[in-house]
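Quick look at run33.cif (mmCIF, C-alpha atoms):
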```cif
data_protein
#
loop_
_atom_site.label_atom_id
_atom_site.label_comp_id
_atom_site.auth_asym_id
_atom_site.auth_seq_id
_atom_site.Cartn_x
_atom_site.Cartn_y
_atom_site.Cartn_z
CA MET A 287 -2.14 34.02 -14.02
CA ILE A 288 -2.74 30.43 -12.93
CA GLY A 289 -0.49 27.93 -14.71
CA VAL A 290 -2.11 25.27 -16.89
CA GLN A 291 -1.04 22.40 -14.61
CA GLU A 292 -2.23 24.19 -11.48
CA ASP A 293 -5.60 24.88 -13.10
CA LEU A 294 -6.02 21.23 -14.14
CA PHE A 295 -5.66 20.09 -10.52
CA SER A 296 -7.67 22.88 -8.87
CA ARG A 297 -11.00 21.16 -9.42
CA CYS A 298 -12.55 17.73 -9.88
CA GLN A 299 -14.80 17.03 -12.81
CA ARG A 300 -18.23 15.50 -12.41
CA TRP A 301 -21.13 15.00 -14.78
CA ARG A 302 -24.74 15.96 -14.20
CA GLY A 303 -27.52 15.70 -16.73
CA GLY A 304 -24.99 14.92 -19.45
CA ARG A 305 -22.92 18.08 -18.77
CA ALA A 306 -19.60 18.62 -17.05
CA SER A 307 -19.57 20.24 -13.62
CA TYR A 308 -16.78 20.72 -11.11
CA ARG A 309 -16.06 20.45 -7.37
CA PRO A 310 -13.19 22.29 -5.66
CA ALA A 311 -10.24 19.88 -5.29
CA GLY A 312 -9.55 20.78 -1.65
CA GLU A 313 -12.85 19.62 -0.20
CA LEU A 314 -12.90 17.03 2.55
CA PHE A 315 -15.09 13.96 2.24
CA ASP A 316 -16.30 12.57 5.58
CA PRO A 317 -16.13 8.77 5.30
CA SER A 318 -17.88 8.35 8.65
CA ARG A 319 -21.09 9.33 6.86
CA ALA A 320 -20.63 6.91 3.98
CA ARG A 321 -20.66 3.23 3.21
CA VAL A 322 -20.03 1.12 0.13
CA GLU A 323 -22.30 -1.81 -0.55
CA VAL A 324 -22.57 -4.41 -3.29
CA LEU A 325 -25.63 -3.76 -5.45
CA ASP A 326 -27.21 -7.13 -6.17
CA ASP A 327 -30.05 -5.38 -7.98
CA ASP A 328 -28.85 -4.46 -11.47
CA ALA A 329 -31.92 -2.25 -11.98
CA THR A 330 -30.85 0.15 -9.19
CA ALA A 331 -27.36 0.58 -10.62
CA LYS A 332 -28.64 0.91 -14.19
CA SER A 333 -31.22 3.54 -13.25
CA PHE A 334 -28.62 5.65 -11.42
CA VAL A 335 -25.96 5.35 -14.13
CA THR A 336 -28.24 6.07 -17.10
CA ARG A 337 -29.64 9.12 -15.29
CA GLU A 338 -26.32 10.56 -14.06
CA HIS A 339 -23.56 9.47 -16.47
CA TYR A 340 -22.87 11.66 -19.51
CA SER A 341 -23.17 8.70 -21.91
CA ARG A 342 -26.67 7.84 -20.65
CA SER A 343 -25.72 4.19 -21.20
CA TYR A 344 -25.06 1.16 -19.03
CA PRO A 345 -22.40 -1.44 -19.77
CA ALA A 346 -22.63 -5.23 -19.54
CA ALA A 347 -22.15 -5.39 -15.77
CA ARG A 348 -20.34 -8.19 -13.99
CA PHE A 349 -20.27 -6.46 -10.60
CA ARG A 350 -21.61 -3.22 -9.16
CA VAL A 351 -21.32 -1.30 -5.91
CA GLY A 352 -23.03 1.76 -4.54
CA LEU A 353 -21.79 4.66 -2.44
CA PHE A 354 -24.40 5.49 0.18
CA VAL A 355 -24.13 8.80 2.03
CA LYS A 356 -26.02 9.93 5.15
CA ASN A 357 -25.76 13.69 5.65
CA PRO A 358 -27.02 15.28 8.87
CA PHE A 359 -30.80 15.74 8.96
CA GLU A 360 -31.24 13.82 5.68
CA ALA A 361 -32.11 10.26 4.78
CA GLU A 362 -29.30 8.06 3.52
CA LYS A 363 -29.16 8.01 -0.26
CA LEU A 364 -27.35 6.41 -3.15
CA ALA A 365 -24.73 8.97 -4.16
CA GLY A 366 -22.46 6.97 -6.44
CA VAL A 367 -22.15 3.77 -8.45
CA ALA A 368 -19.13 1.85 -9.74
CA VAL A 369 -19.78 -0.79 -12.39
CA MET A 370 -17.22 -3.44 -13.28
CA SER A 371 -18.14 -4.60 -16.74
CA VAL A 372 -17.22 -6.90 -19.58
CA PRO A 373 -14.56 -5.17 -21.72
CA ILE A 374 -15.42 -4.23 -25.30
CA THR A 375 -13.59 -7.32 -26.63
CA ASN A 376 -12.08 -10.46 -25.13
CA ALA A 377 -8.66 -9.22 -26.24
CA VAL A 378 -8.54 -6.29 -23.76
CA ILE A 379 -7.47 -8.12 -20.59
CA PRO A 380 -4.84 -10.37 -22.23
CA ALA A 381 -3.46 -7.36 -24.13
CA TRP A 382 -2.94 -5.27 -20.99
CA PHE A 383 -2.20 -8.17 -18.65
CA PRO A 384 -0.17 -10.82 -20.48
CA GLY A 385 -0.76 -14.26 -19.03
CA LEU A 386 -4.33 -13.57 -17.94
CA GLU A 387 -7.43 -14.86 -19.67
CA ALA A 388 -10.28 -12.52 -20.63
CA SER A 389 -12.44 -13.92 -17.82
CA GLN A 390 -9.85 -12.94 -15.20
CA GLY A 391 -10.37 -9.22 -15.70
CA VAL A 392 -13.03 -6.55 -15.86
CA GLU A 393 -13.31 -2.97 -17.04
CA LEU A 394 -14.29 -0.16 -14.71
CA GLY A 395 -17.16 0.53 -17.09
CA ARG A 396 -18.83 3.33 -15.15
CA PHE A 397 -17.81 5.38 -12.12
CA VAL A 398 -20.39 8.01 -11.20
CA LEU A 399 -20.78 10.26 -8.15
CA LEU A 400 -23.41 12.93 -7.58
CA ASP A 401 -22.20 16.53 -7.72
CA GLU A 402 -22.92 17.07 -4.05
CA VAL A 403 -20.39 14.47 -2.89
CA PRO A 404 -17.15 16.27 -1.91
CA ALA A 405 -14.30 16.10 -4.38
CA ASN A 406 -11.96 13.69 -2.63
CA ALA A 407 -14.58 10.92 -2.32
CA GLU A 408 -13.56 9.35 -5.64
CA SER A 409 -10.41 7.69 -4.29
CA TRP A 410 -12.13 6.52 -1.11
CA PHE A 411 -15.02 5.02 -3.07
CA GLN A 412 -12.84 3.41 -5.73
CA ALA A 413 -10.58 1.74 -3.16
CA ARG A 414 -13.58 0.22 -1.41
CA ALA A 415 -15.20 -0.80 -4.69
CA LEU A 416 -12.03 -2.72 -5.61
CA LYS A 417 -11.94 -4.38 -2.17
CA ALA A 418 -15.58 -5.43 -2.56
CA LEU A 419 -14.79 -6.84 -6.01
CA LYS A 420 -11.86 -8.82 -4.56
CA ARG A 421 -14.10 -10.33 -1.85
CA ALA A 422 -17.01 -11.13 -4.14
CA MET A 423 -15.07 -12.29 -7.22
CA PRO A 424 -11.64 -13.58 -6.20
CA GLN A 425 -11.08 -14.97 -9.70
CA ILE A 426 -10.80 -11.38 -11.00
CA ARG A 427 -7.13 -10.45 -11.05
CA ALA A 428 -7.12 -7.26 -13.14
CA VAL A 429 -9.19 -4.12 -13.71
CA VAL A 430 -8.70 -1.80 -16.66
CA SER A 431 -10.18 1.70 -16.77
CA TYR A 432 -10.28 4.46 -19.33
CA CYS A 433 -10.09 8.23 -18.91
CA ASP A 434 -12.84 10.70 -19.75
CA PRO A 435 -13.28 11.92 -23.34
CA VAL A 436 -13.27 15.69 -22.71
CA ALA A 437 -10.54 17.70 -24.44
CA ARG A 438 -8.76 20.29 -22.26
CA THR A 439 -7.59 23.66 -23.54
CA ASP A 440 -5.43 26.35 -22.02
CA THR A 441 -6.47 29.99 -21.61
CA GLU A 442 -5.49 30.71 -25.24
CA GLY A 443 -7.65 27.89 -26.58
CA GLN A 444 -4.76 25.55 -27.38
CA VAL A 445 -5.58 21.87 -26.84
CA ILE A 446 -3.36 20.57 -24.05
CA PHE A 447 -5.14 17.24 -23.60
CA LYS A 448 -6.94 15.56 -26.48
CA GLY A 449 -9.35 13.65 -24.28
CA HIS A 450 -9.85 9.91 -24.27
CA LEU A 451 -6.48 8.36 -24.99
CA GLY A 452 -7.51 4.78 -24.20
CA HIS A 453 -6.20 4.10 -20.71
CA VAL A 454 -5.79 5.69 -17.33
CA SER A 455 -4.70 2.98 -14.96
CA ARG A 456 -4.24 -0.72 -14.61
CA TRP A 457 -4.69 -2.73 -11.45
CA GLN A 458 -3.60 -6.31 -11.04
CA ARG A 459 -3.62 -8.64 -8.06
CA ASN A 460 -0.93 -11.36 -8.09
CA PRO A 461 0.58 -10.77 -11.54
CA PRO A 462 1.43 -13.94 -13.46
CA GLY A 463 4.99 -15.11 -13.78
CA PRO A 464 7.91 -14.96 -11.32
CA GLN A 465 7.16 -13.03 -8.16
#
```
Write out the structure in this file as structure tokens.
Amino acid sequence: MIGVQEDLFSRCQRWRGGRASYRPAGELFDPSRARVEVLDDDATAKSFVTREHYSRSYPAARFRVGLFVKNPFEAEKLAGVAVMSVPITNAVIPAWFPGLEASQGVELGRFVLLDEVPANAESWFQARALKALKRAMPQIRAVVSYCDPVARTDTEGQVIFKGHLGHVSRWQRNPPGPQ
């Protein structure tokens, strides 16, 4: 029998048509066939996100980037979007990053990849999205993101993860105060 922890890390969750789907965790993403580009056109990002994200909604975007993938014998296509958005309230950034003003941070409001993109592309894409944010908006010093809302159960049906707990990670460039 596979242990609960082992099962949680054996696959990567994605969303398609508002439903959860999964990719095997051991897949290899080929970054030589991909590029990340700032999306100046909000309509492109919004169309992709509202079609592919389970919430079918689009946040108040401050910055957006696309993951473009060119597979052999296919045209290049938009295969992912990351949207840095305005947090739900002005209190979010100062609460998580004391010393920063609300305008110095963003929320990773949406992070969406198509099912066909291999499982380990998330980290590659997110790292490049953050670098693009840093270049385009140097005044941004913090990014807050939240985990997905899906509860996880073990093989006996016991809830082992309640779902959205409010935070996953925090990122901050040049924290305030003594260095």
**OP:** Could you tell me which of A:Phe354, A:Phe334, A:Tyr340, A:Phe349 comes closest to Arg319 in chain A if we count all atoms listed in the file?
**Re:**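 That would be A:Phe354, the residue with the smallest distance to Arg319 in chain A.
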Original post:
When distances are computed from all atoms listed in the file, which of A:Val355, A:Val369, A:Met423, A:Leu386 shows the smallest separation from Phe315 in chain A?
Top reply: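 Selected residue with least distance to Phe315 in chain A: A:Val355.
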Subject >> Option closest in space to Glu323 in chain A, from A:Ser389, A:Asn376, A:Gln412, A:Ser343 [counting all atoms listed in the file] >> reply: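 Once distances to Glu323 in chain A are computed over all atoms listed in the file, the minimum belongs to A:Gln412.
Between Val378 in chain A and the residues A:Val430, A:Ala422, A:Val322, A:Leu314, the shortest atom-to-atom distance, using only C-alpha atoms, involves A:Val430.
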Subject >> Residue nearest Val367 in chain A - candidates A:Leu394, A:Leu399, A:Ala388, A:Ala347, atoms counted: only C-alpha atoms >> reply: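 For Val367 in chain A, the nearest of the candidates is A:Leu399.
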**OP:** Find the spatial neighbours of Ala365 in chain A, counting all atoms listed in the file, within a cut-off of 12 Å - ignore same-chain residues fewer than 2 positions away - and output them as number ranges by chain.
**Re:** A: 319-323, 330-331, 334-335, 338, 351-357, 361-363, 367-368, 397-404, 407-408, 411
Original post:
Distance CA of Ile374 in chain A-CA of Ala428 in chain A, one decimal place?
Top reply: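 These atoms are spaced 15.0 Å apart.
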Subject >> For CA of Arg421 in chain A and CA of His339 in chain A, the interatomic separation in Å (one decimal) >> reply: 26.4 Å
Original post:
Hey, which of A:Phe359, A:Ala413, A:Val429, A:Ile379 ends up closest to Glu393 in chain A? Count only C-alpha atoms.
Top reply: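 Of A:Phe359, A:Ala413, A:Val429, A:Ile379, the one nearest Glu393 in chain A is A:Val429, counting only C-alpha atoms.
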**OP:** Select, counting only C-alpha atoms, all protein, DNA and RNA residues no farther than 7 Å from (-16.1, -1.1, -17.3) in file coordinates, and express the selection as number ranges by chain.
**Re:** A: 345, 369-373, 392-396, 431
Original post:
In Å, how far is it from CA of Arg342 in chain A to CA of Gly366 in chain A?
Top reply: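 According to the coordinates, CA of Arg342 in chain A and CA of Gly366 in chain A are separated by 14.8 Å.
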Per-axis box centre and lengths in Å around range 343-362 of chain A, 3 Å margin per side, axis-aligned, as lines of an AutoDock Vina configuration file:
```
center_x = -26.2
center_y = 3.8
center_z = -6.1
size_x = 17.8
size_y = 29.9
size_z = 36.2
```
